[in-house]
>>> print(open('upload.tsv').read())   # TSV, C-alpha atoms
chain	number	residue	atom	x	y	z
M	1	MET	CA	-37.80	-12.55	27.62
M	2	GLN	CA	-36.34	-14.30	30.62
M	3	GLY	CA	-33.12	-16.03	29.69
M	4	ASP	CA	-32.54	-14.06	26.47
M	5	VAL	CA	-29.84	-11.86	28.01
M	6	GLY	CA	-27.45	-13.43	30.47
M	7	ARG	CA	-25.10	-10.53	31.12
M	8	LEU	CA	-25.15	-6.75	30.62
M	9	VAL	CA	-21.63	-5.27	30.51
M	10	LEU	CA	-21.17	-1.50	30.97
M	11	THR	CA	-17.99	0.58	31.01
M	12	HIS	CA	-19.54	3.05	33.49
M	13	LYS	CA	-22.79	2.98	35.45
M	14	ASP	CA	-24.10	6.13	33.74
M	15	ARG	CA	-23.46	4.84	30.19
M	16	LEU	CA	-26.72	2.92	30.10
M	17	LEU	CA	-28.95	5.88	30.98
M	18	ARG	CA	-28.33	9.45	32.02
M	19	PHE	CA	-30.48	8.85	35.08
M	20	GLY	CA	-32.72	6.11	36.39
M	21	ALA	CA	-30.23	3.29	35.90
M	22	GLU	CA	-31.32	1.72	39.19
M	23	LEU	CA	-34.68	0.86	37.62
M	24	VAL	CA	-32.97	-0.99	34.77
M	25	PHE	CA	-30.71	-2.77	37.26
M	26	ALA	CA	-33.79	-3.88	39.21
M	27	ILE	CA	-35.38	-5.20	36.02
M	28	CYS	CA	-32.17	-7.06	35.19
M	29	GLU	CA	-32.22	-8.60	38.65
M	30	GLU	CA	-35.84	-9.66	38.18
M	31	PHE	CA	-34.98	-11.40	34.90
M	32	GLU	CA	-31.79	-12.91	36.38
M	33	THR	CA	-29.49	-10.88	34.12
M	34	GLU	CA	-26.03	-10.21	35.53
M	35	VAL	CA	-24.92	-6.57	35.38
M	36	VAL	CA	-21.16	-6.00	35.16
M	37	ILE	CA	-19.78	-2.47	35.55
M	38	ILE	CA	-16.12	-2.36	34.52
M	39	ASN	CA	-15.05	1.09	35.80
M	40	LYS	CA	-16.61	1.39	39.23
M	41	THR	CA	-15.81	4.40	41.37
M	42	SER	CA	-14.21	3.55	44.69
M	43	GLU	CA	-16.21	6.11	46.67
M	44	GLU	CA	-19.81	5.58	47.67
M	45	ILE	CA	-22.29	8.24	46.53
M	46	THR	CA	-25.11	9.27	48.85
M	47	PHE	CA	-28.70	9.49	47.70
M	48	GLU	CA	-28.55	13.30	47.81
M	49	GLN	CA	-25.37	13.39	45.69
M	50	GLU	CA	-26.92	11.07	43.11
M	51	LEU	CA	-30.09	13.20	43.05
M	52	VAL	CA	-28.05	16.36	42.46
M	53	GLN	CA	-26.14	14.65	39.63
M	54	ASP	CA	-29.42	13.57	38.04
M	55	MET	CA	-30.82	17.12	38.24
M	56	ILE	CA	-27.65	18.56	36.66
M	57	GLU	CA	-27.89	16.03	33.83
M	58	LEU	CA	-31.55	16.93	33.23
M	59	ILE	CA	-30.73	20.64	33.12
M	60	THR	CA	-27.86	19.93	30.73
M	61	VAL	CA	-30.09	17.97	28.34
M	62	PHE	CA	-32.83	20.59	28.27
M	63	SER	CA	-30.45	23.53	27.95
M	64	ALA	CA	-28.73	21.79	25.03
M	65	ARG	CA	-32.10	21.44	23.33
M	66	LEU	CA	-32.92	25.07	23.98
M	67	TYR	CA	-29.59	26.62	23.00
M	68	GLY	CA	-28.06	23.90	20.85
M	69	SER	CA	-28.75	22.93	17.26
M	70	ARG	CA	-32.14	24.61	17.24
M	71	SER	CA	-30.71	27.99	18.20
M	72	LYS	CA	-30.07	28.83	14.52
M	73	LYS	CA	-33.70	28.08	13.77
M	74	ASN	CA	-34.84	30.30	16.64
M	75	LYS	CA	-32.51	33.12	15.59
M	76	LYS	CA	-33.80	32.93	12.01
M	77	LEU	CA	-37.39	33.07	13.26
M	78	ILE	CA	-36.68	36.07	15.51
M	79	ASP	CA	-34.83	37.88	12.70
M	80	GLY	CA	-37.77	37.28	10.35
M	81	MET	CA	-40.27	38.59	12.88
M	82	THR	CA	-38.09	41.63	13.58
M	83	SER	CA	-37.88	42.49	9.89
M	84	VAL	CA	-41.67	42.18	9.51
M	85	VAL	CA	-42.22	44.51	12.48
M	86	LYS	CA	-39.79	47.05	10.99
M	87	GLU	CA	-41.63	46.91	7.64
M	88	VAL	CA	-44.98	47.54	9.34
M	89	GLN	CA	-43.65	50.55	11.24
>>> encode(input="upload.tsv", output="structure tokens")
Amino acid sequence: MQGDVGRLVLTHKDRLLRFGAELVFAICEEFETEVVIINKTSEEITFEQELVQDMIELITVFSARLYGSRSKKNKKLIDGMTSVVKEVQ
């Protein structure tokens, strides 16, 4: 694989992965692949700030799965169970 990819160009650092991009950057460095980030932020982010951002992104992903497109399926299931309970009573 070494030498297959010479340069990885990203518009923003977080466009590659929601979190854990540093691991991919380390792998790119190991395989001598240049990483170019076009829109860098001018301010430095501390480890704690980056950790908080990662946690917020994780919560966002899982809440979208819970309340997003599957919510209609869950509502239909709950409505079906409710109607069965009413019939039994």
>>> atom_distance(input="upload.tsv", atom1="atom CA of M:Lys72", atom2="atom CA of M:Glu57")
23.3 Å
>>> residues_around(input="upload.tsv", residues="M:Thr41", least_positions_apart="2", cutoff="12 Å", atoms="only C-alpha atoms", output="ChimeraX atom specification")
/M:11-14,37-39,43-45
>>> write_last_selection(input="upload.tsv", atoms="C-alpha atoms", output="compact mmCIF listing (two decimals), keeping the file's coordinate frame")
# COMPACT_ATOMS: atom_id res chain seq x y z
CA THR M 11 -17.99 0.58 31.01
CA HIS M 12 -19.54 3.05 33.49
CA LYS M 13 -22.79 2.98 35.45
CA ASP M 14 -24.10 6.13 33.74
CA ILE M 37 -19.78 -2.47 35.55
CA ILE M 38 -16.12 -2.36 34.52
CA ASN M 39 -15.05 1.09 35.80
CA GLU M 43 -16.21 6.11 46.67
CA GLU M 44 -19.81 5.58 47.67
CA ILE M 45 -22.29 8.24 46.53
>>> atom_distance(input="upload.tsv", atom1="atom CA of M:Val36", atom2="atom CA of M:Ile59")
28.4 Å
>>> closest_residue(input="upload.tsv", among="M:Leu66, M:Glu22, M:Asp4, M:Ile78", to="M:Phe47", atoms="only C-alpha atoms")
M:Glu22
>>> atom_distance(input="upload.tsv", atom1="atom CA of M:Phe31", atom2="atom CA of M:Gly6")
9.0 Å
>>> closest_residue(input="upload.tsv", among="M:Asp54, M:Lys86, M:Lys40, M:Asp79", to="M:Gly20", atoms="only C-alpha atoms")
M:Asp54
>>> residues_around(input="upload.tsv", residues="M:Phe25", least_positions_apart="6", cutoff="9 Å", atoms="only C-alpha atoms", output="list in words")
Thr33, Glu34 and Val35 of chain M
>>> closest_residue(input="upload.tsv", among="M:Val85, M:Ala21, M:Asn74, M:Glu29", to="M:Glu50", atoms="all atoms listed in the file")
M:Ala21
>>> closest_residue(input="upload.tsv", among="M:Val5, M:Arg15, M:Thr46, M:Lys76", to="M:Cys28", atoms="only C-alpha atoms")
M:Val5
>>> build_atoms(input="upload.tsv", residues="stretch 48-83 of chain M", atoms="N, CA and C atoms", output="CSV table (one decimal), in the coordinates of the input")
chain,number,residue,atom,x,y,z
M,48,GLU,N,-28.5,11.9,48.1
M,48,GLU,CA,-28.6,13.3,47.8
M,48,GLU,C,-27.6,13.7,46.7
M,49,GLN,N,-26.4,13.1,46.7
M,49,GLN,CA,-25.4,13.4,45.7
M,49,GLN,C,-25.8,12.9,44.3
M,50,GLU,N,-26.4,11.7,44.4
M,50,GLU,CA,-26.9,11.1,43.1
M,50,GLU,C,-28.1,11.9,42.6
M,51,LEU,N,-29.0,12.4,43.5
M,51,LEU,CA,-30.1,13.2,43.0
M,51,LEU,C,-29.6,14.5,42.4
M,52,VAL,N,-28.6,15.1,43.0
M,52,VAL,CA,-28.0,16.4,42.5
M,52,VAL,C,-27.4,16.1,41.1
M,53,GLN,N,-26.7,15.0,40.9
M,53,GLN,CA,-26.1,14.6,39.6
M,53,GLN,C,-27.2,14.4,38.6
M,54,ASP,N,-28.3,13.8,39.0
M,54,ASP,CA,-29.4,13.6,38.0
M,54,ASP,C,-30.0,14.9,37.6
M,55,MET,N,-30.2,15.8,38.6
M,55,MET,CA,-30.8,17.1,38.2
M,55,MET,C,-29.9,17.9,37.3
M,56,ILE,N,-28.6,17.9,37.5
M,56,ILE,CA,-27.6,18.6,36.7
M,56,ILE,C,-27.7,18.0,35.3
M,57,GLU,N,-27.8,16.7,35.1
M,57,GLU,CA,-27.9,16.0,33.8
M,57,GLU,C,-29.2,16.4,33.1
M,58,LEU,N,-30.3,16.5,33.8
M,58,LEU,CA,-31.6,16.9,33.2
M,58,LEU,C,-31.5,18.4,32.7
M,59,ILE,N,-30.9,19.2,33.5
M,59,ILE,CA,-30.7,20.6,33.1
M,59,ILE,C,-29.8,20.7,31.9
M,60,THR,N,-28.8,19.9,31.9
M,60,THR,CA,-27.9,19.9,30.7
M,60,THR,C,-28.6,19.5,29.4
M,61,VAL,N,-29.4,18.5,29.5
M,61,VAL,CA,-30.1,18.0,28.3
M,61,VAL,C,-31.1,19.0,27.8
M,62,PHE,N,-31.8,19.6,28.7
M,62,PHE,CA,-32.8,20.6,28.3
M,62,PHE,C,-32.2,21.9,27.8
M,63,SER,N,-31.1,22.3,28.4
M,63,SER,CA,-30.4,23.5,28.0
M,63,SER,C,-29.8,23.3,26.6
M,64,ALA,N,-29.3,22.1,26.3
M,64,ALA,CA,-28.7,21.8,25.0
M,64,ALA,C,-29.8,21.8,24.0
M,65,ARG,N,-31.0,21.4,24.3
M,65,ARG,CA,-32.1,21.4,23.3
M,65,ARG,C,-32.5,22.9,23.1
M,66,LEU,N,-32.5,23.7,24.1
M,66,LEU,CA,-32.9,25.1,24.0
M,66,LEU,C,-31.9,25.9,23.2
M,67,TYR,N,-30.6,25.8,23.6
M,67,TYR,CA,-29.6,26.6,23.0
M,67,TYR,C,-28.7,25.9,22.0
M,68,GLY,N,-28.9,24.7,21.7
M,68,GLY,CA,-28.1,23.9,20.8
M,68,GLY,C,-28.4,24.1,19.4
M,69,SER,N,-28.6,22.9,18.7
M,69,SER,CA,-28.8,22.9,17.3
M,69,SER,C,-30.0,23.7,16.8
M,70,ARG,N,-30.9,23.9,17.6
M,70,ARG,CA,-32.1,24.6,17.2
M,70,ARG,C,-32.0,26.1,17.4
M,71,SER,N,-30.9,26.6,18.0
M,71,SER,CA,-30.7,28.0,18.2
M,71,SER,C,-30.7,28.8,16.9
M,72,LYS,N,-30.1,28.2,15.8
M,72,LYS,CA,-30.1,28.8,14.5
M,72,LYS,C,-31.5,29.0,14.0
M,73,LYS,N,-32.3,28.0,14.2
M,73,LYS,CA,-33.7,28.1,13.8
M,73,LYS,C,-34.4,29.2,14.5
M,74,ASN,N,-34.2,29.3,15.8
M,74,ASN,CA,-34.8,30.3,16.6
M,74,ASN,C,-34.4,31.7,16.2
M,75,LYS,N,-33.1,31.8,16.0
M,75,LYS,CA,-32.5,33.1,15.6
M,75,LYS,C,-33.1,33.6,14.2
M,76,LYS,N,-33.2,32.6,13.3
M,76,LYS,CA,-33.8,32.9,12.0
M,76,LYS,C,-35.3,33.4,12.2
M,77,LEU,N,-36.0,32.7,13.0
M,77,LEU,CA,-37.4,33.1,13.3
M,77,LEU,C,-37.5,34.5,13.9
M,78,ILE,N,-36.7,34.8,14.9
M,78,ILE,CA,-36.7,36.1,15.5
M,78,ILE,C,-36.3,37.2,14.5
M,79,ASP,N,-35.2,36.9,13.7
M,79,ASP,CA,-34.8,37.9,12.7
M,79,ASP,C,-35.9,38.2,11.7
M,80,GLY,N,-36.6,37.1,11.3
M,80,GLY,CA,-37.8,37.3,10.4
M,80,GLY,C,-38.9,38.1,11.0
M,81,MET,N,-39.2,37.8,12.2
M,81,MET,CA,-40.3,38.6,12.9
M,81,MET,C,-39.9,40.0,13.1
M,82,THR,N,-38.6,40.3,13.4
M,82,THR,CA,-38.1,41.6,13.6
M,82,THR,C,-38.2,42.4,12.3
M,83,SER,N,-37.8,41.8,11.2
M,83,SER,CA,-37.9,42.5,9.9
M,83,SER,C,-39.3,42.8,9.5
